[in-house]
file data.txt (compact mmCIF, C-alpha atoms)
# COMPACT_ATOMS: atom_id res chain seq x y z
CA MET N 1 130.37 25.83 22.57
CA ARG N 2 133.19 24.54 20.39
CA GLY N 3 136.42 22.59 20.82
CA ILE N 4 137.88 21.02 23.94
CA PRO N 5 136.64 23.74 26.37
CA GLY N 6 133.09 23.25 25.09
CA VAL N 7 133.31 19.49 25.44
CA LEU N 8 134.67 19.79 28.97
CA THR N 9 131.92 22.20 29.95
CA LEU N 10 129.25 19.89 28.53
CA LEU N 11 130.79 16.96 30.42
CA PHE N 12 130.70 18.87 33.69
CA LEU N 13 127.09 19.86 33.02
CA LEU N 14 126.12 16.23 32.48
CA VAL N 15 127.99 15.06 35.57
CA SER N 16 126.33 17.80 37.60
CA ALA N 17 122.87 16.94 36.29
CA CYS N 18 123.38 13.31 37.31
CA ALA N 19 124.75 14.08 40.78
CA GLY N 20 123.17 11.96 43.49
CA ALA N 21 120.88 13.31 46.15
CA PRO N 22 122.17 13.88 49.68
CA PRO N 23 121.87 10.83 51.96
CA THR N 24 118.67 10.14 53.87
CA ASN N 25 119.99 7.49 56.28
CA GLY N 26 120.61 9.84 59.19
CA ASP N 27 123.93 11.20 57.93
CA PRO N 28 124.24 14.96 57.38
CA ARG N 29 122.47 15.98 54.18
CA ILE N 30 125.01 18.14 52.39
CA LEU N 31 125.00 19.79 48.97
CA ALA N 32 127.96 21.46 47.24
CA MET N 33 127.37 23.99 44.47
CA GLY N 34 129.39 26.61 42.65
CA ASP N 35 132.02 26.89 39.93
CA SER N 36 135.29 25.18 38.99
CA LEU N 37 136.83 25.67 42.44
CA MET N 38 134.29 23.06 43.56
CA ALA N 39 134.03 21.14 40.29
CA ALA N 40 137.77 20.53 39.85
CA HIS N 41 138.70 16.83 40.18
CA ALA N 42 135.06 15.72 40.40
CA ILE N 43 135.56 13.17 37.61
CA SER N 44 138.32 11.46 39.61
CA GLY N 45 136.28 11.61 42.82
CA ARG N 46 138.67 14.03 44.52
CA SER N 47 136.81 17.33 44.40
CA ILE N 48 136.42 19.54 47.47
CA ALA N 49 132.98 17.98 48.02
CA ASP N 50 134.41 14.48 47.72
CA MET N 51 137.23 15.21 50.16
CA ALA N 52 134.89 16.92 52.64
CA GLY N 53 132.57 13.92 52.47
CA LYS N 54 135.48 11.58 53.08
CA GLU N 55 136.52 13.55 56.15
CA LEU N 56 132.94 13.56 57.47
CA GLY N 57 132.21 9.96 56.55
CA THR N 58 129.15 10.86 54.49
CA LYS N 59 128.05 11.55 50.93
CA VAL N 60 128.16 15.15 49.70
CA ALA N 61 126.01 15.74 46.62
CA ASP N 62 127.78 18.04 44.15
CA ARG N 63 126.08 20.19 41.52
CA SER N 64 128.98 22.57 40.87
CA VAL N 65 129.82 23.27 37.22
CA LEU N 66 132.98 24.41 35.47
CA GLY N 67 132.64 28.05 34.38
CA ALA N 68 129.43 28.74 36.32
CA ARG N 69 128.60 32.31 37.30
CA MET N 70 126.42 34.04 39.85
CA ASN N 71 124.80 36.20 37.17
CA TYR N 72 124.17 34.18 34.03
CA ALA N 73 121.58 35.14 31.43
CA LEU N 74 121.26 32.17 29.04
CA PRO N 75 118.21 30.11 30.11
CA VAL N 76 118.97 26.58 28.90
CA SER N 77 122.60 26.24 29.98
CA GLY N 78 121.76 28.32 33.04
CA ALA N 79 119.16 25.77 34.07
CA MET N 80 121.76 23.03 33.57
CA GLY N 81 124.03 24.62 36.14
CA MET N 82 125.95 27.45 34.47
CA SER N 83 123.87 29.74 36.70
CA ILE N 84 124.95 28.97 40.26
CA PRO N 85 121.61 30.01 41.82
CA LYS N 86 119.85 27.53 39.53
CA GLN N 87 121.96 24.66 40.87
CA PHE N 88 119.74 24.72 43.96
CA ARG N 89 116.27 23.22 44.07
CA ASP N 90 113.89 24.89 46.47
CA ASP N 91 112.36 21.60 47.59
CA ALA N 92 115.74 20.29 48.78
CA ASP N 93 115.85 18.99 52.36
CA LEU N 94 119.38 19.73 53.53
CA ASP N 95 121.41 20.32 56.66
CA TRP N 96 124.27 22.15 54.93
CA VAL N 97 124.99 23.82 51.60
CA ILE N 98 128.61 24.44 50.63
CA VAL N 99 128.72 27.14 47.97
CA ASN N 100 131.22 29.32 46.16
CA GLY N 101 131.06 31.65 43.20
CA GLY N 102 131.66 35.10 41.78
CA GLY N 103 135.15 34.66 40.37
CA ASN N 104 134.00 33.96 36.83
CA ASP N 105 131.71 37.00 36.92
CA LEU N 106 134.71 39.18 37.70
CA TRP N 107 137.34 37.50 35.53
CA PHE N 108 135.24 36.96 32.40
CA GLY N 109 132.88 39.87 32.97
CA CYS N 110 135.38 42.67 33.48
CA GLY N 111 138.84 41.12 33.49
CA CYS N 112 139.19 41.98 37.18
CA SER N 113 139.46 45.64 36.17
CA ALA N 114 136.92 48.37 36.92
CA CYS N 115 134.64 45.71 38.36
CA ASP N 116 132.67 47.88 40.79
CA ARG N 117 129.38 47.41 38.93
CA LYS N 118 129.84 43.65 38.58
CA MET N 119 130.83 43.35 42.23
CA GLY N 120 127.90 45.46 43.40
CA LYS N 121 125.45 43.39 41.38
CA MET N 122 126.71 40.26 43.09
CA ILE N 123 126.99 41.65 46.63
CA SER N 124 126.74 45.13 48.10
CA GLU N 125 129.41 46.63 50.35
CA ASP N 126 127.35 45.88 53.46
CA GLY N 127 126.70 42.30 52.35
CA LYS N 128 122.94 42.76 52.46
CA SER N 129 121.88 42.87 48.81
CA GLY N 130 122.80 41.38 45.46
CA THR N 131 122.72 37.96 43.83
CA ILE N 132 124.91 36.28 46.45
CA PRO N 133 122.93 37.44 49.52
CA GLY N 134 119.74 36.61 47.64
CA LEU N 135 120.93 33.07 47.00
CA VAL N 136 122.28 32.60 50.53
CA ASN N 137 119.01 33.84 52.06
CA ARG N 138 117.13 31.42 49.84
CA LEU N 139 119.34 28.58 51.02
CA ARG N 140 118.78 29.59 54.64
CA LYS N 141 115.01 29.65 54.16
CA SER N 142 115.23 25.99 53.18
CA GLY N 143 116.50 25.29 56.70
CA ALA N 144 120.11 24.59 55.71
CA LYS N 145 123.19 26.18 57.20
CA VAL N 146 125.39 27.78 54.54
CA LEU N 147 129.16 27.61 54.21
CA TYR N 148 130.45 30.04 51.59
CA VAL N 149 133.97 29.21 50.40
CA GLY N 150 136.30 31.94 49.13
CA TYR N 151 138.95 31.72 46.41
CA LEU N 152 142.59 30.73 46.32
CA ARG N 153 145.03 33.53 45.60
CA SER N 154 147.81 33.47 43.05
CA PRO N 155 151.20 32.54 44.54
CA GLY N 156 152.73 35.36 42.50
CA ALA N 157 154.21 32.90 40.03
CA GLY N 158 152.82 33.36 36.56
CA SER N 159 149.10 32.99 37.27
CA PRO N 160 146.53 34.51 34.84
CA ILE N 161 144.50 35.58 37.89
CA GLU N 162 147.29 37.58 39.54
CA SER N 163 145.46 40.80 38.65
CA CYS N 164 142.35 39.60 40.51
CA ARG N 165 143.89 39.80 43.99
CA ASP N 166 142.33 43.16 44.94
CA GLU N 167 138.90 42.08 43.71
CA GLY N 168 139.26 38.81 45.60
CA ASP N 169 140.07 40.69 48.79
CA GLU N 170 137.07 42.97 48.34
CA LEU N 171 134.77 40.03 47.66
CA ASP N 172 136.06 38.39 50.86
CA ARG N 173 135.34 41.56 52.85
CA ARG N 174 131.76 41.65 51.61
CA LEU N 175 131.23 37.93 52.22
CA THR N 176 132.53 38.39 55.77
CA ARG N 177 129.90 41.05 56.34
CA LEU N 178 127.23 38.75 54.90
CA ALA N 179 128.22 35.97 57.30
CA GLU N 180 127.99 38.36 60.25
CA LEU N 181 124.29 38.95 59.52
CA ASP N 182 123.12 35.41 60.33
CA GLU N 183 124.53 32.82 62.73
CA GLY N 184 123.64 30.12 60.18
CA ILE N 185 125.97 31.57 57.53
CA PHE N 186 129.70 30.82 57.61
CA PHE N 187 132.47 32.18 55.42
CA LEU N 188 135.67 30.21 54.79
CA PRO N 189 138.33 32.47 53.23
CA LEU N 190 141.20 30.88 51.34
CA SER N 191 143.23 34.05 50.91
CA ASP N 192 146.04 32.87 53.21
CA LEU N 193 146.18 29.23 52.12
CA VAL N 194 148.76 29.58 49.34
CA PRO N 195 152.31 30.51 50.43
CA TYR N 196 154.05 33.05 48.21
CA GLY N 197 155.87 31.31 45.37
CA ASP N 198 154.31 27.90 46.10
CA ARG N 199 152.83 26.51 42.87
CA SER N 200 151.68 23.23 44.45
CA TYR N 201 148.23 24.55 45.37
CA HIS N 202 147.26 25.19 41.74
CA GLY N 203 146.83 23.00 38.71
CA ILE N 204 148.97 23.39 35.62
CA ASP N 205 146.82 26.33 34.47
CA MET N 206 147.66 28.19 37.72
CA ILE N 207 143.96 28.95 38.19
CA HIS N 208 142.21 25.84 39.47
CA PRO N 209 143.05 24.02 42.69
CA SER N 210 145.49 21.13 42.59
CA LEU N 211 144.68 17.79 44.20
CA LYS N 212 146.64 18.97 47.23
CA ALA N 213 144.55 22.12 47.51
CA SER N 214 141.31 20.22 46.93
CA ALA N 215 142.16 17.88 49.81
CA GLU N 216 143.15 20.69 52.16
CA ILE N 217 140.08 22.79 51.39
CA GLY N 218 137.86 19.74 51.77
CA ALA N 219 139.35 19.13 55.22
CA MET N 220 138.78 22.78 56.17
CA VAL N 221 135.16 22.57 55.00
CA ALA N 222 134.67 19.38 57.02
CA ASP N 223 136.14 21.04 60.13
CA VAL N 224 133.61 23.88 59.94
CA ILE N 225 130.68 21.51 59.48
CA ARG N 226 131.90 19.11 62.18
CA ASN N 227 132.54 21.87 64.72
CA GLU N 228 129.21 23.58 64.14
CA SER N 229 127.25 20.33 64.11
CA VAL N 230 128.28 19.45 67.67
CA LYS N 231 127.17 22.78 69.16
call {"tool": "encode", "arguments": {"input": "data.txt", "output": "structure tokens"}}
result
Amino acid sequence: MRGIPGVLTLLFLLVSACAGAPPTNGDPRILAMGDSLMAAHAISGRSIADMAGKELGTKVADRSVLGARMNYALPVSGAMGMSIPKQFRDDADLDWVIVNGGGNDLWFGCGCSACDRKMGKMISEDGKSGTIPGLVNRLRKSGAKVLYVGYLRSPGAGSPIESCRDEGDELDRRLTRLAELDEGIFFLPLSDLVPYGDRSYHGIDMIHPSLKASAEIGAMVADVIRNESVK
């Protein structure tokens, strides 16, 4: 871990480790976890979790970490949040868990090229096996409902993740199948959120969500939770 990227990763790990617990005053107890889609803008208090909490009028605890993966082998940094499954504590008492992940496994692990093995290890074609279903089932066993958030797509304007579109679509298909297996699992795709040629939904790196995207996704997350909570 060297240079500015290493420092930023360490900072996100420390922020994640210090994240507050979900509220216990009768408000919904909500946890967000995942990678930089969730972690973006956390320092300024405008992450997806922050914006969802603002919409819902409650605190959303956030343990997401920049660069985190679903399958992560290193034990120490994994325990600090670089492993998404390890961001969850089994003794947590929650109503909802908002989670995302898998993009870093595909982008860093295989460059979004010939990723069948990586994809299959995370989630099978039928959505029933792999790291992601294993984590989601674990979250459900805690009593929480699970909202899995998909990824933004490139607007086709100079994004380093342009080549990941097909893998993103396949991941969405498998996550849709996973959500169909349990009425307490919900999938929120973001594949249609970004209009073609519109750079305003991405940060300057054309990978991470902009403040605009963070706010819109947070509102979408809040809508799912609000609508399901009144049923």
call {"tool": "residues_near_point", "arguments": {"input": "data.txt", "point": "(129.4, 26.2, 34.2)", "cutoff": "6 Å", "atoms": "all atoms listed in the file", "output": "count of residues only"}}
result
6
call {"tool": "residues_around", "arguments": {"input": "data.txt", "residues": "N:Asp182", "least_positions_apart": "6", "cutoff": "10 Å", "atoms": "all atoms listed in the file", "output": "number ranges by chain"}}
result
N: 137, 140, 145-146
call {"tool": "closest_residue", "arguments": {"input": "data.txt", "among": "N:Met80, N:Ser154, N:Met51, N:Glu183", "to": "N:Glu216", "atoms": "only C-alpha atoms"}}
result
N:Met51
call {"tool": "closest_residue", "arguments": {"input": "data.txt", "among": "N:Leu106, N:Ile185, N:Met38, N:Ala79", "to": "N:Ile225", "atoms": "only C-alpha atoms"}}
result
N:Ile185
call {"tool": "closest_residue", "arguments": {"input": "data.txt", "among": "N:Arg153, N:Arg177, N:Lys86, N:Arg29", "to": "N:Val194", "atoms": "only C-alpha atoms"}}
result
N:Arg153
call {"tool": "closest_residue", "arguments": {"input": "data.txt", "among": "N:Leu135, N:Ala32, N:Ala219, N:Ile48", "to": "N:Leu178", "atoms": "only C-alpha atoms"}}
result
N:Leu135
call {"tool": "build_atoms", "arguments": {"input": "data.txt", "residues": "stretch 154-169 of chain N", "atoms": "N, CA and C atoms", "output": "tab-separated table (two decimals), keeping the file's coordinate frame"}}
result
chain	number	residue	atom	x	y	z
N	154	SER	N	146.62	33.78	43.83
N	154	SER	CA	147.81	33.47	43.05
N	154	SER	C	149.03	33.46	43.97
N	155	PRO	N	149.97	32.53	43.75
N	155	PRO	CA	151.20	32.54	44.54
N	155	PRO	C	152.21	33.56	44.04
N	156	GLY	N	151.80	34.38	43.06
N	156	GLY	CA	152.73	35.36	42.50
N	156	GLY	C	153.71	34.73	41.55
N	157	ALA	N	153.30	33.63	40.91
N	157	ALA	CA	154.21	32.90	40.03
N	157	ALA	C	153.52	32.57	38.71
N	158	GLY	N	153.31	33.58	37.90
N	158	GLY	CA	152.82	33.36	36.56
N	158	GLY	C	151.37	32.95	36.42
N	159	SER	N	150.51	33.36	37.35
N	159	SER	CA	149.10	32.99	37.27
N	159	SER	C	148.31	34.02	36.47
N	160	PRO	N	147.38	33.57	35.60
N	160	PRO	CA	146.53	34.51	34.84
N	160	PRO	C	145.61	35.32	35.75
N	161	ILE	N	145.41	34.87	37.00
N	161	ILE	CA	144.50	35.58	37.89
N	161	ILE	C	145.25	36.47	38.89
N	162	GLU	N	146.51	36.73	38.63
N	162	GLU	CA	147.29	37.58	39.54
N	162	GLU	C	146.64	38.95	39.70
N	163	SER	N	146.07	39.47	38.61
N	163	SER	CA	145.46	40.80	38.65
N	163	SER	C	144.16	40.83	39.42
N	164	CYS	N	143.64	39.67	39.82
N	164	CYS	CA	142.35	39.60	40.51
N	164	CYS	C	142.48	39.67	42.02
N	165	ARG	N	143.68	39.85	42.54
N	165	ARG	CA	143.89	39.80	43.99
N	165	ARG	C	143.06	40.85	44.72
N	166	ASP	N	143.07	42.10	44.25
N	166	ASP	CA	142.33	43.16	44.94
N	166	ASP	C	140.84	42.87	44.94
N	167	GLU	N	140.33	42.40	43.79
N	167	GLU	CA	138.90	42.08	43.71
N	167	GLU	C	138.56	40.90	44.62
N	168	GLY	N	139.47	39.94	44.70
N	168	GLY	CA	139.26	38.81	45.60
N	168	GLY	C	139.20	39.25	47.05
N	169	ASP	N	140.07	40.18	47.42
N	169	ASP	CA	140.07	40.69	48.79
N	169	ASP	C	138.78	41.44	49.10
